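Participant: For reference, the file entry_7.cif (mmCIF, C-alpha atoms and all ligand atoms) is included below:
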data_coords
loop_
_atom_site.label_atom_id
_atom_site.label_comp_id
_atom_site.auth_asym_id
_atom_site.auth_seq_id
_atom_site.Cartn_x
_atom_site.Cartn_y
_atom_site.Cartn_z
CA MET N 292 -37.41 -52.65 -50.12
CA HIS N 293 -33.86 -52.42 -48.78
CA LYS N 294 -33.56 -53.94 -45.33
CA ALA N 295 -30.60 -53.93 -42.96
CA VAL N 296 -29.96 -55.41 -39.54
CA CYS N 297 -27.93 -53.99 -36.64
CA PRO N 298 -27.21 -56.83 -34.21
CA GLY N 299 -25.91 -56.60 -30.65
CA SER N 300 -26.46 -57.14 -26.94
CA PHE N 301 -27.53 -53.54 -26.25
CA ASP N 302 -26.94 -53.95 -22.50
CA PRO N 303 -27.83 -51.10 -22.45
CA VAL N 304 -28.23 -49.13 -25.69
CA THR N 305 -25.78 -46.19 -25.76
CA ASN N 306 -25.56 -42.96 -27.72
CA GLY N 307 -22.90 -44.73 -29.80
CA HIS N 308 -25.45 -47.38 -30.85
CA LEU N 309 -28.01 -44.65 -31.59
CA ASP N 310 -25.48 -42.81 -33.76
CA ILE N 311 -25.19 -45.93 -35.96
CA LEU N 312 -28.90 -46.78 -35.85
CA SER N 313 -30.01 -43.28 -36.80
CA ARG N 314 -27.57 -43.14 -39.72
CA ALA N 315 -28.54 -46.64 -40.89
CA SER N 316 -32.22 -45.68 -40.72
CA LYS N 317 -31.53 -42.93 -43.28
CA LEU N 318 -29.76 -45.35 -45.64
CA TYR N 319 -32.24 -48.26 -45.63
CA ASP N 320 -36.01 -48.52 -45.94
CA GLU N 321 -36.24 -50.71 -42.85
CA VAL N 322 -33.68 -51.30 -40.11
CA TYR N 323 -34.03 -54.32 -37.83
CA VAL N 324 -32.34 -54.15 -34.46
CA ALA N 325 -31.57 -57.77 -33.53
CA VAL N 326 -31.12 -57.95 -29.75
CA LEU N 327 -29.10 -60.98 -28.69
CA VAL N 328 -30.68 -63.46 -26.30
CA ASN N 329 -27.61 -63.84 -24.16
CA LYS N 330 -27.45 -67.41 -22.91
CA SER N 331 -23.88 -67.51 -21.60
CA LYS N 332 -23.40 -64.37 -19.51
CA ARG N 333 -25.99 -62.87 -17.23
CA GLY N 334 -26.58 -59.33 -18.42
CA MET N 335 -27.33 -56.17 -16.50
CA PHE N 336 -30.75 -55.87 -18.09
CA THR N 337 -33.16 -58.60 -19.14
CA LEU N 338 -33.90 -59.17 -22.81
CA ASP N 339 -37.26 -57.38 -22.47
CA GLU N 340 -35.66 -54.40 -20.74
CA ARG N 341 -32.95 -54.13 -23.40
CA MET N 342 -35.53 -54.33 -26.18
CA ASP N 343 -37.78 -51.75 -24.47
CA MET N 344 -34.90 -49.29 -24.18
CA VAL N 345 -34.00 -49.69 -27.86
CA ARG N 346 -37.67 -49.32 -28.86
CA GLU N 347 -38.16 -46.20 -26.73
CA THR N 348 -35.04 -44.51 -28.06
CA THR N 349 -35.49 -45.37 -31.75
CA ALA N 350 -39.26 -44.79 -32.01
CA GLY N 351 -38.68 -41.38 -33.58
CA TYR N 352 -36.71 -42.78 -36.51
CA GLY N 353 -39.90 -44.26 -37.98
CA ASN N 354 -38.44 -47.32 -39.74
CA VAL N 355 -36.75 -49.32 -36.97
CA VAL N 356 -38.06 -52.75 -35.93
CA VAL N 357 -36.72 -54.26 -32.70
CA GLU N 358 -36.65 -58.05 -32.36
CA SER N 359 -34.72 -60.64 -30.38
CA PHE N 360 -32.56 -63.44 -31.74
CA GLY N 361 -30.76 -66.40 -30.27
CA GLY N 362 -29.37 -68.35 -33.19
CA LEU N 363 -27.26 -67.45 -36.16
CA LEU N 364 -27.56 -63.87 -37.34
CA VAL N 365 -27.66 -65.04 -40.97
CA ASP N 366 -30.76 -67.17 -40.23
CA PHE N 367 -32.44 -64.09 -38.71
CA CYS N 368 -31.61 -62.27 -41.97
CA ARG N 369 -32.79 -65.06 -44.27
CA GLU N 370 -36.13 -65.39 -42.45
CA ARG N 371 -36.84 -61.67 -42.96
CA ASP N 372 -35.23 -61.21 -46.35
CA ILE N 373 -32.65 -58.81 -44.89
CA GLN N 374 -29.86 -58.18 -47.39
CA VAL N 375 -27.30 -56.28 -45.34
CA ILE N 376 -25.70 -56.37 -41.88
CA VAL N 377 -24.66 -52.92 -40.59
CA LYS N 378 -22.05 -52.53 -37.86
CA GLY N 379 -20.33 -49.55 -36.27
CA LEU N 380 -16.54 -49.44 -36.20
CA ARG N 381 -15.16 -47.44 -33.28
CA ALA N 382 -11.45 -48.05 -33.65
CA VAL N 383 -8.85 -50.39 -35.13
CA SER N 384 -9.31 -52.59 -32.06
CA ASP N 385 -12.81 -53.48 -33.31
CA PHE N 386 -11.58 -54.36 -36.75
CA ASP N 387 -10.06 -57.85 -36.44
CA TYR N 388 -13.08 -59.47 -34.84
CA GLU N 389 -15.59 -57.55 -36.94
CA LEU N 390 -13.80 -58.56 -40.14
CA GLN N 391 -13.76 -62.19 -39.02
CA MET N 392 -17.51 -62.12 -38.27
CA ALA N 393 -18.26 -60.35 -41.56
CA GLN N 394 -16.29 -62.96 -43.50
CA MET N 395 -17.97 -65.83 -41.63
CA ASN N 396 -21.43 -64.39 -42.28
CA GLN N 397 -20.56 -63.84 -45.94
CA GLN N 398 -19.29 -67.41 -46.24
CA LEU N 399 -22.39 -68.84 -44.55
CA SER N 400 -24.99 -66.89 -46.49
CA GLY N 401 -23.60 -64.45 -49.03
CA ILE N 402 -24.92 -61.59 -46.87
CA ASP N 403 -22.50 -58.64 -46.77
CA THR N 404 -21.61 -56.49 -43.80
CA PHE N 405 -21.36 -52.73 -44.23
CA PHE N 406 -19.39 -50.74 -41.66
CA ILE N 407 -20.27 -47.23 -40.55
CA SER N 408 -17.50 -45.29 -38.82
CA THR N 409 -18.63 -44.27 -35.36
CA SER N 410 -18.77 -40.52 -34.82
CA PRO N 411 -15.52 -39.56 -33.03
CA GLN N 412 -17.30 -38.30 -29.90
CA TYR N 413 -18.52 -41.85 -29.28
CA SER N 414 -15.44 -43.86 -30.22
CA PHE N 415 -14.56 -44.61 -26.57
CA LEU N 416 -18.09 -45.71 -25.66
CA SER N 417 -19.16 -49.25 -24.89
CA SER N 418 -22.07 -50.68 -22.91
CA SER N 419 -19.68 -52.45 -20.53
CA LEU N 420 -17.81 -49.22 -19.67
CA VAL N 421 -21.09 -47.36 -19.23
CA ARG N 422 -22.24 -50.09 -16.80
CA GLU N 423 -18.99 -49.79 -14.88
CA VAL N 424 -19.13 -45.99 -14.62
CA ALA N 425 -22.80 -46.12 -13.56
CA LYS N 426 -22.03 -48.82 -11.00
CA TYR N 427 -19.68 -46.51 -9.11
CA GLY N 428 -22.00 -43.53 -9.36
CA GLY N 429 -20.24 -41.80 -12.27
CA ASP N 430 -22.00 -39.44 -14.62
CA VAL N 431 -23.18 -41.24 -17.76
CA SER N 432 -25.31 -38.42 -19.14
CA GLY N 433 -24.16 -37.70 -22.69
CA MET N 434 -23.22 -41.37 -23.08
CA VAL N 435 -26.71 -42.85 -22.94
CA PRO N 436 -30.18 -41.37 -23.48
CA PRO N 437 -31.71 -39.84 -20.29
CA LYS N 438 -34.22 -42.70 -19.87
CA VAL N 439 -31.41 -45.26 -19.98
CA ALA N 440 -29.37 -43.26 -17.44
CA THR N 441 -32.39 -43.32 -15.11
CA ARG N 442 -32.79 -47.09 -15.54
CA LEU N 443 -29.09 -47.64 -14.81
CA LYS N 444 -29.37 -45.60 -11.61
CA GLN N 445 -32.46 -47.53 -10.55
CA ARG N 446 -30.82 -50.91 -11.29
CA TYR N 447 -27.73 -50.14 -9.23
CA ALA N 448 -29.85 -48.70 -6.42
CA GLU N 449 -31.90 -51.94 -6.40
CA GLN N 450 -28.72 -53.98 -6.29
CA SER N 451 -27.26 -52.06 -3.37
CA VAL N 452 -30.56 -52.51 -1.49
CA ASP N 453 -30.41 -56.24 -2.34
CA GLY N 454 -26.93 -56.35 -0.87
CA GLY N 455 -24.78 -56.44 -3.95
CA GLU N 456 -24.53 -57.75 -7.46
CA LYS N 457 -26.83 -60.35 -8.90
CA PRO N 458 -25.33 -63.82 -8.70
O1 LIG X 501 -23.05 -56.26 -28.82
P1 LIG X 501 -22.23 -57.51 -29.01
O2 LIG X 501 -22.40 -58.44 -27.83
O3 LIG X 501 -20.79 -57.20 -29.31
O4 LIG X 501 -22.82 -58.23 -30.32
C1 LIG X 501 -22.27 -59.44 -30.80
C2 LIG X 501 -23.16 -60.03 -31.91
C3 LIG X 501 -24.56 -60.24 -31.41
C4 LIG X 501 -23.17 -59.11 -33.09
C5 LIG X 501 -22.52 -61.38 -32.32
O5 LIG X 501 -22.24 -62.13 -31.16
C6 LIG X 501 -23.41 -62.21 -33.23
O6 LIG X 501 -23.62 -61.88 -34.38
N1 LIG X 501 -23.98 -63.31 -32.68
C7 LIG X 501 -24.87 -64.19 -33.38
C8 LIG X 501 -24.30 -65.59 -33.55
C9 LIG X 501 -23.73 -65.80 -34.94
O7 LIG X 501 -24.39 -65.60 -35.93
N2 LIG X 501 -22.44 -66.26 -34.98
C10 LIG X 501 -21.75 -66.64 -36.20
C11 LIG X 501 -21.30 -65.49 -37.08
S1 LIG X 501 -19.92 -64.63 -36.52
#
Once you've parsed the file, please lay out its structure as structure tokens.

Facilitator:
Amino acid sequence: MHKAVCPGSFDPVTNGHLDILSRASKLYDEVYVAVLVNKSKRGMFTLDERMDMVRETTAGYGNVVVESFGGLLVDFCRERDIQVIVKGLRAVSDFDYELQMAQMNQQLSGIDTFFISTSPQYSFLSSSLVREVAKYGGDVSGMVPPKVATRLKQRYAEQSVDGGEKP
């Protein structure tokens, strides 16, 4: 059984993430999506919301398991006998930090990181830019799945009713 993990914050999941997850799901028997419990920065969506959105949008792949994690990624891998970390590379700007993390994870555990090149139509996409565009009422269809676009609209509508951003 060949298992891989795709880690991230997924705040929210984008079509760029799904590009990598769908391709990884064809390469490995089981793909874990490890959703980061973000202790330092307050996210747009709660952990449960982020996990729900990943679950909803990857259900059709048939071999994706969505779980949360809050410690070291390599411990998450060891506990589940996951042999490979899979990451998407959008551009050279991703490379330095991704290489550093891959080398650290390799040093800590011997687990290798495999990079999949993001499909060019998604190379500009990030969750933070999607949040920003959605915040000012921009059109994010084509960047996130329709259900995620709806949730983004709802979240920003709630915030404007509440009188602004969450503290
Ligand atoms: O979507 P993000 O926020 O860019 O994902 C970053 C993530 C979750 C992949 C990275 O922060 C991570 O792997 N965190 C786990 C902590 C860890 O294992 N750190 C040491 C190895 S670099």

Participant: Got a sec to check which residues lie within 8 Å of ligand LIG 501 (chain X), using only C-alpha atoms and all ligand atoms, and send them as a VMD selection string?

Facilitator: chain N and resid 297 to 302 325 to 327 360 to 366 391 to 393 395 to 396

Participant: Extract, using all atoms listed in the file, all DNA, RNA and protein residues at most 9 Å from Lys438 (chain N), discarding same-chain residues fewer than 5 positions from it, and format them as a JSON list (two decimals) with C-alpha atoms, keeping the file's coordinate frame.

Facilitator:
[["chain", "number", "residue", "atom", "x", "y", "z"],
["N", 344, "MET", "CA", -34.90, -49.29, -24.18],
["N", 347, "GLU", "CA", -38.16, -46.20, -26.73],
["N", 348, "THR", "CA", -35.04, -44.51, -28.06],
["N", 443, "LEU", "CA", -29.09, -47.64, -14.81]]

Participant: Which of these residues is nearest to Ser419 (chain N), using all atoms listed in the file: N:Met434, N:Leu399, N:Glu449, N:Ala382?

Facilitator: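 Among the listed residues, N:Met434 lies closest to Ser419 (chain N).
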
Participant: Could you give me, as a PyMOL selection string, the residues within 7 Å of region 306-317 of chain N, counting only C-alpha atoms and dropping anything in the same chain fewer than 5 positions from it?

Facilitator: chain N and resi 322+352+354-355+379+407+409+413+416+434-436

Participant: Could you list, as a ChimeraX atom specification, every residue within 10 Å of Pro303 (chain N), counting all atoms listed in the file and ignoring same-chain residues fewer than 4 positions away?

Facilitator: /N:308,334-337,340-342,344-345,417-419,421-422,435,439-440,442-443

Participant: Measure the distance from CA of Val324 (chain N) to CA of Thr349 (chain N) in Å and round it to one decimal.

Facilitator: 9.7 Å

Participant: For Leu338 (chain N), which residue out of N:Ser359, N:Ser432, N:Ser408, N:Gln374 is the nearest one, using all atoms listed in the file?

Facilitator: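 Among the listed residues, the smallest separation from Leu338 (chain N) belongs to N:Ser359.
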
Participant: Between CA of Lys426 (chain N) and CA of Ala448 (chain N), what is the distance in Å, rounded to a tenth?

Facilitator: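 So the two atoms, CA of Lys426 (chain N) and CA of Ala448 (chain N), lie 9.1 Å apart.
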
Participant: I'd like the contact shell of Asp320 (chain N) - 7 Å cut-off, all atoms listed in the file, skipping same-chain residues fewer than 5 positions apart - returned as a PDB file with C-alpha atoms, in the frame of the given file.

Facilitator:
ATOM      1  CA  MET N 292     -37.410 -52.650 -50.120  1.00  0.00           C
ATOM      2  CA  HIS N 293     -33.860 -52.420 -48.780  1.00  0.00           C
ATOM      3  CA  LYS N 294     -33.560 -53.940 -45.330  1.00  0.00           C
ATOM      4  CA  ASN N 354     -38.440 -47.320 -39.740  1.00  0.00           C
TER       5      ASN N 354
END

Participant: CA of Lys378 (chain N) and CA of Val424 (chain N) are how many Å apart?

Facilitator: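 One can read the CA of Lys378 (chain N) to CA of Val424 (chain N) distance as 24.3 Å.
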
Participant: Missing atoms in region 411-434 of chain N: can you complete it with N, CA, C and O atoms, as an mmCIF file, keeping the file's coordinate frame?

Facilitator:
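Final output, part_36.cif:
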data_model
loop_
_atom_site.group_PDB
_atom_site.id
_atom_site.type_symbol
_atom_site.label_atom_id
_atom_site.label_comp_id
_atom_site.auth_asym_id
_atom_site.auth_seq_id
_atom_site.Cartn_x
_atom_site.Cartn_y
_atom_site.Cartn_z
ATOM 1 N N PRO N 411 -16.673 -39.580 -33.940
ATOM 2 C CA PRO N 411 -15.520 -39.560 -33.030
ATOM 3 C C PRO N 411 -15.897 -39.333 -31.549
ATOM 4 O O PRO N 411 -15.249 -39.881 -30.663
ATOM 5 N N GLN N 412 -16.956 -38.571 -31.317
ATOM 6 C CA GLN N 412 -17.300 -38.300 -29.900
ATOM 7 C C GLN N 412 -17.780 -39.540 -29.158
ATOM 8 O O GLN N 412 -17.902 -39.528 -27.947
ATOM 9 N N TYR N 413 -18.052 -40.621 -29.919
ATOM 10 C CA TYR N 413 -18.520 -41.850 -29.280
ATOM 11 C C TYR N 413 -17.520 -43.000 -29.399
ATOM 12 O O TYR N 413 -17.832 -44.134 -29.046
ATOM 13 N N SER N 414 -16.334 -42.736 -29.899
ATOM 14 C CA SER N 414 -15.440 -43.860 -30.220
ATOM 15 C C SER N 414 -14.925 -44.582 -28.978
ATOM 16 O O SER N 414 -14.474 -45.714 -29.066
ATOM 17 N N PHE N 415 -15.023 -43.964 -27.811
ATOM 18 C CA PHE N 415 -14.560 -44.610 -26.570
ATOM 19 C C PHE N 415 -15.694 -45.358 -25.862
ATOM 20 O O PHE N 415 -15.478 -46.025 -24.851
ATOM 21 N N LEU N 416 -16.902 -45.237 -26.395
ATOM 22 C CA LEU N 416 -18.090 -45.710 -25.660
ATOM 23 C C LEU N 416 -18.339 -47.197 -25.858
ATOM 24 O O LEU N 416 -18.260 -47.696 -26.970
ATOM 25 N N SER N 417 -18.668 -47.878 -24.772
ATOM 26 C CA SER N 417 -19.160 -49.250 -24.890
ATOM 27 C C SER N 417 -20.162 -49.465 -23.763
ATOM 28 O O SER N 417 -20.105 -48.792 -22.722
ATOM 29 N N SER N 418 -21.070 -50.408 -23.957
ATOM 30 C CA SER N 418 -22.070 -50.680 -22.910
ATOM 31 C C SER N 418 -21.383 -51.125 -21.623
ATOM 32 O O SER N 418 -21.795 -50.741 -20.527
ATOM 33 N N SER N 419 -20.321 -51.930 -21.747
ATOM 34 C CA SER N 419 -19.680 -52.450 -20.530
ATOM 35 C C SER N 419 -19.029 -51.317 -19.728
ATOM 36 O O SER N 419 -19.133 -51.287 -18.494
ATOM 37 N N LEU N 420 -18.401 -50.353 -20.414
ATOM 38 C CA LEU N 420 -17.810 -49.220 -19.670
ATOM 39 C C LEU N 420 -18.883 -48.336 -19.050
ATOM 40 O O LEU N 420 -18.715 -47.843 -17.934
ATOM 41 N N VAL N 421 -19.981 -48.156 -19.781
ATOM 42 C CA VAL N 421 -21.090 -47.360 -19.230
ATOM 43 C C VAL N 421 -21.615 -48.030 -17.952
ATOM 44 O O VAL N 421 -21.854 -47.370 -16.935
ATOM 45 N N ARG N 422 -21.756 -49.372 -17.995
ATOM 46 C CA ARG N 422 -22.240 -50.090 -16.800
ATOM 47 C C ARG N 422 -21.278 -49.884 -15.633
ATOM 48 O O ARG N 422 -21.684 -49.665 -14.497
ATOM 49 N N GLU N 423 -19.985 -49.935 -15.944
ATOM 50 C CA GLU N 423 -18.990 -49.790 -14.880
ATOM 51 C C GLU N 423 -19.023 -48.392 -14.261
ATOM 52 O O GLU N 423 -18.994 -48.237 -13.036
ATOM 53 N N VAL N 424 -19.092 -47.378 -15.122
ATOM 54 C CA VAL N 424 -19.130 -45.990 -14.620
ATOM 55 C C VAL N 424 -20.391 -45.793 -13.764
ATOM 56 O O VAL N 424 -20.336 -45.238 -12.655
ATOM 57 N N ALA N 425 -21.526 -46.278 -14.285
ATOM 58 C CA ALA N 425 -22.800 -46.120 -13.560
ATOM 59 C C ALA N 425 -22.758 -46.857 -12.217
ATOM 60 O O ALA N 425 -23.262 -46.366 -11.204
ATOM 61 N N LYS N 426 -22.113 -48.009 -12.216
ATOM 62 C CA LYS N 426 -22.030 -48.820 -11.000
ATOM 63 C C LYS N 426 -21.398 -48.064 -9.832
ATOM 64 O O LYS N 426 -21.806 -48.187 -8.686
ATOM 65 N N TYR N 427 -20.375 -47.256 -10.158
ATOM 66 C CA TYR N 427 -19.680 -46.510 -9.110
ATOM 67 C C TYR N 427 -20.174 -45.074 -8.996
ATOM 68 O O TYR N 427 -19.501 -44.216 -8.431
ATOM 69 N N GLY N 428 -21.366 -44.833 -9.543
ATOM 70 C CA GLY N 428 -22.000 -43.530 -9.360
ATOM 71 C C GLY N 428 -21.501 -42.438 -10.279
ATOM 72 O O GLY N 428 -21.771 -41.252 -10.045
ATOM 73 N N GLY N 429 -20.753 -42.803 -11.323
ATOM 74 C CA GLY N 429 -20.240 -41.800 -12.270
ATOM 75 C C GLY N 429 -21.344 -41.249 -13.152
ATOM 76 O O GLY N 429 -22.432 -41.822 -13.254
ATOM 77 N N ASP N 430 -21.025 -40.149 -13.791
ATOM 78 C CA ASP N 430 -22.000 -39.440 -14.620
ATOM 79 C C ASP N 430 -22.001 -40.023 -16.042
ATOM 80 O O ASP N 430 -21.018 -39.899 -16.762
ATOM 81 N N VAL N 431 -23.101 -40.654 -16.417
ATOM 82 C CA VAL N 431 -23.180 -41.240 -17.760
ATOM 83 C C VAL N 431 -24.081 -40.427 -18.697
ATOM 84 O O VAL N 431 -24.373 -40.868 -19.805
ATOM 85 N N SER N 432 -24.493 -39.243 -18.244
ATOM 86 C CA SER N 432 -25.310 -38.420 -19.140
ATOM 87 C C SER N 432 -24.419 -38.004 -20.317
ATOM 88 O O SER N 432 -23.229 -37.776 -20.156
ATOM 89 N N GLY N 433 -24.972 -37.959 -21.497
ATOM 90 C CA GLY N 433 -24.160 -37.700 -22.690
ATOM 91 C C GLY N 433 -23.634 -38.982 -23.307
ATOM 92 O O GLY N 433 -23.190 -38.987 -24.451
ATOM 93 N N MET N 434 -23.673 -40.070 -22.540
ATOM 94 C CA MET N 434 -23.220 -41.370 -23.080
ATOM 95 C C MET N 434 -24.401 -42.265 -23.413
ATOM 96 O O MET N 434 -24.312 -43.134 -24.275
#
